[in-house]
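Engineer: One structure, pasted below without further comment.
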Amino acid sequence: MKSAIIIMVKFPLPGTVKTRLQPDLNPEKCAELARCFLIDTETKVKNSKCKTIIAFSPGNKKEKLQEMLTHQHDFIEQMGNDLGAKMSNAFAYGFRKGFDRLVMIGTDSPTFPYQYLDEALEMLSEADSVLGETEDGGFYLIGLSKASMGFLNGVDWSTDRTFEQTAGNIKASGMSLELLPIWYDVDLPKDFERLRQELMIAPNRATETAEWLKKI
């Protein structure tokens, strides 16, 4: 089977990323942290040895992203009026390219084990979809082996209902669903402190972020 991993990326511009960490971190530090998350996510994905697709915004930052990242990727601009549409379009691109299994992640959960990517791909050998739930009610990973994305419509994104609604829509559509272990996103100051403590003990889980944390 032909597999790829899609990373949904918002270019780390000050004032546009990790804004819920303010005022604990200023806008420039928030952007630096988001850059570290992106680099660590890229490293995690390359461990899987899959083809990678960067679905990015805004559309004028492709060259800057290519300079920031260290590996070869396909780049596509995020298109759509909301997150569900942007995800659907990125999945559709992957299926048009001939991939049979697609796993999509963001950059807000930099320390989830890279083995979860392999587990997700293995699950997609049998199941239509896979989800990795976050503790705040969202999800850090979604995977598909079937080009059916209608279940992404009508979801309340970035709420504590996101995972529940998405999983419910998948099941209602008749698709089979497998689940990965729950992990956490880094969105709020309490999450940032949790990340700091985790990386003090296990810096190899997100080495770029761990090095940056030593300097602030």
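Lettering and numbering for the structure tokens are positional, with chains as A, B, ... in the shown order, residues counted from 1 in each chain, and ligands counted from 1 in the shown order.
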Based on DSSP run over this structure's backbone, return all residues of region 4-81 of chain A in strand (DSSP E), as a ChimeraX atom specification.
Structural biologist: /A:4-10,51-57,74-77
Engineer: Take the residues just selected and output them with N, CA, C and O atoms as a PDB file, in the first residue's frame.
Structural biologist:
```
ATOM      1  N   ALA A   4       1.085   8.136   2.904  1.00  0.00           N
ATOM      2  CA  ALA A   4       1.661   9.472   3.082  1.00  0.00           C
ATOM      3  C   ALA A   4       1.149  10.073   4.377  1.00  0.00           C
ATOM      4  O   ALA A   4       0.077   9.708   4.876  1.00  0.00           O
ATOM      5  N   ILE A   5       1.931  10.998   4.900  1.00  0.00           N
ATOM      6  CA  ILE A   5       1.543  11.748   6.095  1.00  0.00           C
ATOM      7  C   ILE A   5       1.408  13.212   5.709  1.00  0.00           C
ATOM      8  O   ILE A   5       2.299  13.790   5.074  1.00  0.00           O
ATOM      9  N   ILE A   6       0.285  13.811   6.069  1.00  0.00           N
ATOM     10  CA  ILE A   6       0.000  15.216   5.805  1.00  0.00           C
ATOM     11  C   ILE A   6       0.195  15.995   7.099  1.00  0.00           C
ATOM     12  O   ILE A   6      -0.355  15.634   8.136  1.00  0.00           O
ATOM     13  N   ILE A   7       0.978  17.064   7.035  1.00  0.00           N
ATOM     14  CA  ILE A   7       1.150  17.955   8.185  1.00  0.00           C
ATOM     15  C   ILE A   7       0.445  19.265   7.878  1.00  0.00           C
ATOM     16  O   ILE A   7       0.769  19.940   6.895  1.00  0.00           O
ATOM     17  N   MET A   8      -0.526  19.616   8.711  1.00  0.00           N
ATOM     18  CA  MET A   8      -1.219  20.897   8.576  1.00  0.00           C
ATOM     19  C   MET A   8      -0.391  21.965   9.292  1.00  0.00           C
ATOM     20  O   MET A   8      -0.142  21.855  10.505  1.00  0.00           O
ATOM     21  N   VAL A   9       0.052  22.971   8.547  1.00  0.00           N
ATOM     22  CA  VAL A   9       1.017  23.939   9.073  1.00  0.00           C
ATOM     23  C   VAL A   9       0.505  25.356   8.880  1.00  0.00           C
ATOM     24  O   VAL A   9       0.111  25.744   7.774  1.00  0.00           O
ATOM     25  N   LYS A  10       0.545  26.131   9.953  1.00  0.00           N
ATOM     26  CA  LYS A  10       0.363  27.578   9.869  1.00  0.00           C
ATOM     27  C   LYS A  10       1.728  28.208  10.079  1.00  0.00           C
ATOM     28  O   LYS A  10       2.383  27.962  11.098  1.00  0.00           O
ATOM     29  N   LYS A  51       6.130   9.214   2.509  1.00  0.00           N
ATOM     30  CA  LYS A  51       6.041  10.462   1.774  1.00  0.00           C
ATOM     31  C   LYS A  51       5.323  11.479   2.646  1.00  0.00           C
ATOM     32  O   LYS A  51       4.384  11.133   3.381  1.00  0.00           O
ATOM     33  N   THR A  52       5.735  12.745   2.595  1.00  0.00           N
ATOM     34  CA  THR A  52       5.098  13.767   3.422  1.00  0.00           C
ATOM     35  C   THR A  52       4.563  14.904   2.556  1.00  0.00           C
ATOM     36  O   THR A  52       5.170  15.291   1.557  1.00  0.00           O
ATOM     37  N   ILE A  53       3.428  15.411   2.987  1.00  0.00           N
ATOM     38  CA  ILE A  53       2.753  16.521   2.324  1.00  0.00           C
ATOM     39  C   ILE A  53       2.570  17.629   3.350  1.00  0.00           C
ATOM     40  O   ILE A  53       1.989  17.403   4.415  1.00  0.00           O
ATOM     41  N   ILE A  54       3.073  18.824   3.052  1.00  0.00           N
ATOM     42  CA  ILE A  54       2.877  19.980   3.916  1.00  0.00           C
ATOM     43  C   ILE A  54       1.715  20.791   3.359  1.00  0.00           C
ATOM     44  O   ILE A  54       1.807  21.360   2.270  1.00  0.00           O
ATOM     45  N   ALA A  55       0.599  20.825   4.118  1.00  0.00           N
ATOM     46  CA  ALA A  55      -0.548  21.664   3.750  1.00  0.00           C
ATOM     47  C   ALA A  55      -0.430  22.946   4.565  1.00  0.00           C
ATOM     48  O   ALA A  55      -0.602  22.931   5.779  1.00  0.00           O
ATOM     49  N   PHE A  56      -0.126  24.050   3.899  1.00  0.00           N
ATOM     50  CA  PHE A  56       0.320  25.242   4.615  1.00  0.00           C
ATOM     51  C   PHE A  56      -0.581  26.451   4.362  1.00  0.00           C
ATOM     52  O   PHE A  56      -1.304  26.540   3.375  1.00  0.00           O
ATOM     53  N   SER A  57      -0.489  27.389   5.291  1.00  0.00           N
ATOM     54  CA  SER A  57      -1.081  28.721   5.139  1.00  0.00           C
ATOM     55  C   SER A  57      -0.187  29.700   5.904  1.00  0.00           C
ATOM     56  O   SER A  57       0.514  29.302   6.839  1.00  0.00           O
ATOM     57  N   ASP A  74       6.164  17.368  -0.405  1.00  0.00           N
ATOM     58  CA  ASP A  74       5.222  18.028  -1.304  1.00  0.00           C
ATOM     59  C   ASP A  74       4.592  19.190  -0.537  1.00  0.00           C
ATOM     60  O   ASP A  74       4.312  19.056   0.668  1.00  0.00           O
ATOM     61  N   PHE A  75       4.338  20.305  -1.193  1.00  0.00           N
ATOM     62  CA  PHE A  75       3.712  21.465  -0.560  1.00  0.00           C
ATOM     63  C   PHE A  75       2.415  21.798  -1.278  1.00  0.00           C
ATOM     64  O   PHE A  75       2.389  21.911  -2.505  1.00  0.00           O
ATOM     65  N   ILE A  76       1.337  21.948  -0.496  1.00  0.00           N
ATOM     66  CA  ILE A  76       0.068  22.402  -1.055  1.00  0.00           C
ATOM     67  C   ILE A  76      -0.503  23.473  -0.131  1.00  0.00           C
ATOM     68  O   ILE A  76      -0.375  23.384   1.093  1.00  0.00           O
ATOM     69  N   GLU A  77      -1.114  24.469  -0.727  1.00  0.00           N
ATOM     70  CA  GLU A  77      -1.734  25.518   0.071  1.00  0.00           C
ATOM     71  C   GLU A  77      -3.049  25.022   0.659  1.00  0.00           C
ATOM     72  O   GLU A  77      -3.816  24.322  -0.010  1.00  0.00           O
TER      73      GLU A  77
END
```
Engineer: If you run DSSP over the backbone, which residues in region 15-83 of chain A end up helix (DSSP H, G or I)? Put them as an MDAnalysis selection string.
Structural biologist: chainID A and resid 19:21 27:46 59:68 83
Engineer: Only C-alpha atoms, please: the residues just picked out, written as a JSON list (two decimals), in the first residue's frame.
Structural biologist:
```json
[["chain", "number", "residue", "atom", "x", "y", "z"],
["A", 19, "THR", "CA", -1.78, 33.19, 20.91],
["A", 20, "ARG", "CA", -3.44, 31.53, 23.90],
["A", 21, "LEU", "CA", 0.00, 31.30, 25.53],
["A", 27, "PRO", "CA", 4.19, 37.09, 20.35],
["A", 28, "GLU", "CA", 7.78, 36.61, 19.19],
["A", 29, "LYS", "CA", 8.37, 33.78, 21.69],
["A", 30, "CYS", "CA", 5.08, 32.18, 20.66],
["A", 31, "ALA", "CA", 6.28, 32.20, 17.05],
["A", 32, "GLU", "CA", 9.64, 30.72, 18.05],
["A", 33, "LEU", "CA", 7.85, 27.96, 19.95],
["A", 34, "ALA", "CA", 5.60, 27.23, 16.96],
["A", 35, "ARG", "CA", 8.68, 26.97, 14.76],
["A", 36, "CYS", "CA", 10.21, 24.46, 17.19],
["A", 37, "PHE", "CA", 6.99, 22.44, 17.16],
["A", 38, "LEU", "CA", 7.10, 22.37, 13.36],
["A", 39, "ILE", "CA", 10.72, 21.18, 13.25],
["A", 40, "ASP", "CA", 10.03, 18.47, 15.83],
["A", 41, "THR", "CA", 6.93, 17.37, 13.96],
["A", 42, "GLU", "CA", 8.94, 17.10, 10.74],
["A", 43, "THR", "CA", 11.54, 14.98, 12.55],
["A", 44, "LYS", "CA", 8.82, 12.71, 13.94],
["A", 45, "VAL", "CA", 7.28, 12.22, 10.51],
["A", 46, "LYS", "CA", 10.61, 11.40, 8.86],
["A", 59, "GLY", "CA", -0.25, 30.90, 0.64],
["A", 60, "ASN", "CA", 2.68, 33.31, 0.25],
["A", 61, "LYS", "CA", 4.93, 31.47, 2.72],
["A", 62, "LYS", "CA", 5.89, 28.40, 0.71],
["A", 63, "GLU", "CA", 9.47, 29.50, 0.08],
["A", 64, "LYS", "CA", 9.97, 30.52, 3.71],
["A", 65, "LEU", "CA", 8.71, 27.11, 4.83],
["A", 66, "GLN", "CA", 11.01, 25.34, 2.42],
["A", 67, "GLU", "CA", 13.92, 27.28, 3.91],
["A", 68, "MET", "CA", 12.81, 26.43, 7.46],
["A", 83, "LEU", "CA", -10.71, 23.74, 9.07]]
```
Engineer: Using 7 Å as the limit and counting only C-alpha atoms, can you tabulate each residue of region 74-160 of chain A that touches region 169-182 of chain A, with its shortest atom-to-atom distance in Å and the two atoms involved, as a Markdown table?
Structural biologist:
```
| residue | atom | partner | partner_atom | distance |
| --- | --- | --- | --- | --- |
| A:Met123 | CA | A:Glu178 | CA | 6.8 |
| A:Ala127 | CA | A:Ser176 | CA | 5.5 |
| A:Asp128 | CA | A:Ser176 | CA | 5.1 |
| A:Ser129 | CA | A:Leu177 | CA | 4.9 |
| A:Val130 | CA | A:Glu178 | CA | 4.6 |
| A:Leu131 | CA | A:Leu179 | CA | 5.1 |
| A:Gly132 | CA | A:Leu180 | CA | 4.7 |
| A:Glu133 | CA | A:Ile182 | CA | 4.9 |
| A:Thr134 | CA | A:Ile182 | CA | 5.4 |
| A:Glu135 | CA | A:Ile182 | CA | 6.5 |
| A:Phe151 | CA | A:Asn169 | CA | 5.0 |
```
Engineer: Please dump the current selection as a compact mmCIF listing (two decimals), in the first residue's frame; keep all heavy atoms.
Structural biologist:
```
# COMPACT_ATOMS: atom_id res chain seq x y z
N MET A 123 -3.30 0.32 11.36
CA MET A 123 -4.75 0.25 11.54
C MET A 123 -5.47 0.49 10.22
O MET A 123 -6.50 -0.14 9.93
CB MET A 123 -5.19 1.28 12.58
CG MET A 123 -4.78 0.97 14.00
SD MET A 123 -5.18 2.35 15.13
CE MET A 123 -4.73 1.63 16.71
N ALA A 127 -8.91 -0.79 8.66
CA ALA A 127 -10.01 0.12 8.98
C ALA A 127 -10.08 1.26 7.96
O ALA A 127 -9.12 1.58 7.27
CB ALA A 127 -9.82 0.70 10.38
N ASP A 128 -11.26 1.90 7.90
CA ASP A 128 -11.46 3.05 7.03
C ASP A 128 -10.85 4.32 7.59
O ASP A 128 -10.48 5.23 6.83
CB ASP A 128 -12.96 3.29 6.80
CG ASP A 128 -13.66 2.14 6.11
OD1 ASP A 128 -13.05 1.54 5.20
OD2 ASP A 128 -14.81 1.85 6.48
N SER A 129 -10.77 4.41 8.92
CA SER A 129 -10.31 5.65 9.54
C SER A 129 -9.69 5.37 10.90
O SER A 129 -9.91 4.31 11.50
CB SER A 129 -11.47 6.64 9.70
OG SER A 129 -12.44 6.14 10.61
N VAL A 130 -8.91 6.35 11.37
CA VAL A 130 -8.30 6.26 12.69
C VAL A 130 -8.25 7.67 13.27
O VAL A 130 -8.07 8.65 12.55
CB VAL A 130 -6.89 5.63 12.61
CG1 VAL A 130 -5.97 6.44 11.71
CG2 VAL A 130 -6.26 5.49 13.99
N LEU A 131 -8.44 7.76 14.59
CA LEU A 131 -8.38 9.04 15.29
C LEU A 131 -7.51 8.90 16.53
O LEU A 131 -7.53 7.87 17.21
CB LEU A 131 -9.77 9.51 15.73
CG LEU A 131 -10.70 10.14 14.71
CD1 LEU A 131 -12.08 10.37 15.33
CD2 LEU A 131 -10.14 11.46 14.19
N GLY A 132 -6.77 9.97 16.84
CA GLY A 132 -6.05 10.07 18.10
C GLY A 132 -6.61 11.26 18.87
O GLY A 132 -6.42 12.41 18.45
N GLU A 133 -7.28 11.00 19.95
CA GLU A 133 -7.98 12.05 20.71
C GLU A 133 -7.01 12.83 21.58
O GLU A 133 -6.03 12.29 22.10
CB GLU A 133 -9.05 11.40 21.60
CG GLU A 133 -9.89 12.39 22.39
CD GLU A 133 -10.94 11.71 23.25
OE1 GLU A 133 -10.98 10.46 23.28
OE2 GLU A 133 -11.71 12.43 23.91
N THR A 134 -7.29 14.12 21.76
CA THR A 134 -6.55 14.93 22.73
C THR A 134 -7.37 15.09 24.01
O THR A 134 -8.60 14.97 24.00
CB THR A 134 -6.21 16.32 22.17
OG1 THR A 134 -7.40 16.95 21.70
CG2 THR A 134 -5.21 16.21 21.05
N GLU A 135 -6.68 15.38 25.09
CA GLU A 135 -7.34 15.47 26.39
C GLU A 135 -8.36 16.60 26.46
O GLU A 135 -9.27 16.56 27.29
CB GLU A 135 -6.30 15.63 27.50
CG GLU A 135 -5.42 14.41 27.68
CD GLU A 135 -4.35 14.62 28.72
OE1 GLU A 135 -4.26 15.74 29.26
OE2 GLU A 135 -3.59 13.67 28.99
N PHE A 151 -17.79 13.56 6.51
CA PHE A 151 -17.94 13.57 7.97
C PHE A 151 -17.25 14.75 8.62
O PHE A 151 -17.45 15.03 9.80
CB PHE A 151 -17.39 12.26 8.56
CG PHE A 151 -15.92 12.07 8.35
CD1 PHE A 151 -14.99 12.61 9.22
CD2 PHE A 151 -15.45 11.33 7.27
CE1 PHE A 151 -13.64 12.44 9.03
CE2 PHE A 151 -14.10 11.15 7.06
CZ PHE A 151 -13.20 11.71 7.94
```
Engineer: Here is a test: counting only C-alpha atoms, which residue of A:Leu213, A:Pro189, A:Phe11, A:Leu199 is nearest to Leu69 (chain A)?
Structural biologist: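 Distance minimum relative to Leu69 (chain A) lands on A:Phe11.
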Engineer: Which one is closest to Ala85 (chain A): A:Asp191, A:Trp212, A:Gly154, A:Thr207? Count only C-alpha atoms.
Structural biologist: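 Smallest separation from Ala85 (chain A) among the options: A:Gly154.
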Engineer: Would you mind telling me which residue in A:Met104, A:Ala147, A:Ile142, A:Ala210 lies nearest to Phe163 (chain A) when using only C-alpha atoms?
Structural biologist: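 Ranked by minimum distance to Phe163 (chain A), first place goes to A:Ile142.
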Engineer: Please list as a PyMOL selection string every residue within 9 Å of Ser88 (chain A), counting only C-alpha atoms and excluding residues in the same chain fewer than 4 positions away.
Structural biologist: chain A and resi 80+83-84+92-93+148-150+152
